[in-house]
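A.B. asks: First the structure, which I've put down as structure tokens, then a few questions once you've had a look.
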Amino acid sequence: MKSMLWGDPNMRKVFSSIEISETVLVRDALLHKGFDATIQNSASGGSAVPGFRPPAEVWIADADDHARARAVVVETLATLDSTAEKPAWKCAHCGEENPHPFELCWNCARPRDMAAQPG
């Protein structure tokens with residue numbers, strides 16, 4: 001991966017949201033698929049100005065990858081939407097309840113398929 005510098009003319013925005021958790025999930029999905037991705041404005045949720053919360057943005061290093069990266073973004077968001085209403089699962093190892101989309105227990109990092117019981 002090349003170093004990403006803000007203002008690099010080859011960088012391209014592929015996603016933005018006022019929910020930092022969404023931008024982290026999208027960035028991580030892109031990284032998992034081999035894209036060089038970063039989050040800009042990640043501290044925007046802590047704006048001291050009431051009513052002003054600029055969105056966090058996910059950028060990729062190579063504008064030529066924009067179409068492929070956007071496909072990953074759309075797939076990631078569709079997966080989140082389709083699993084949002086499914087029940088949580090309970091980790092058999094530590095007993096913590098985890099949202100359905102989580103593949104790993106947020107508390108002990110055990111994979112869901114190895115440590116899960118219906119919640």
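Within each chain, counting starts at residue 1; across the structure tokens, chains are named A, B, ... in the order shown, with ligands numbered 1 upward in that order.
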Near stretch 14-18 of chain A, within 10 Å and counting only C-alpha atoms, which residues show up once chain neighbours fewer than 4 positions away are dropped, as a PyMOL selection string?
C.D. replies: chain A and resi 22-23+26-27+37+39-42+44-45+53-60+63+65-67+69-74
A.B. asks: Which residues are close to A:Cys105, i.e. within 10 Å by only C-alpha atoms, leaving aside same-chain residues fewer than 4 positions away? Reply as a list of chain:residue names.
C.D. replies: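 Surrounding residues, per the criterion: A:Trp89, A:Lys90, A:Cys91, A:Ala92, A:His93, A:Cys94, A:Gly95, A:Glu96, A:Glu97, A:Asn98, A:Pro99, A:Ala109, A:Arg110, A:Pro111, A:Arg112, A:Ala115, A:Ala116.
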A.B. asks: Provide the atom CA of A:Arg12 to atom CA of A:Asp62 distance in Å, to one decimal place.
C.D. replies: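 Answer for the atom CA of A:Arg12 to atom CA of A:Asp62 separation: 6.9 Å.
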A.B. asks: To one decimal place, how far is atom CA of A:Leu25 from atom CA of A:Phe52 in Å?
C.D. replies: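 Those two atoms sit 23.0 Å apart.
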A.B. asks: Please indicate the distance in Å from atom CA of A:Ala78 to atom CA of A:Pro9, rounded to one decimal place.
C.D. replies: 29.4 Å
A.B. asks: Return as a ChimeraX atom specification the full set of residues in stretch 20-103 of chain A whose backbone-based DSSP assignment is alpha helix (DSSP H).
C.D. replies: /A:20-32,66-83
A.B. asks: With only C-alpha atoms as the atoms that count, which of A:Thr76, A:Glu19, A:Asp113, A:Lys86 lies nearest to A:His32?
C.D. replies: A:Thr76
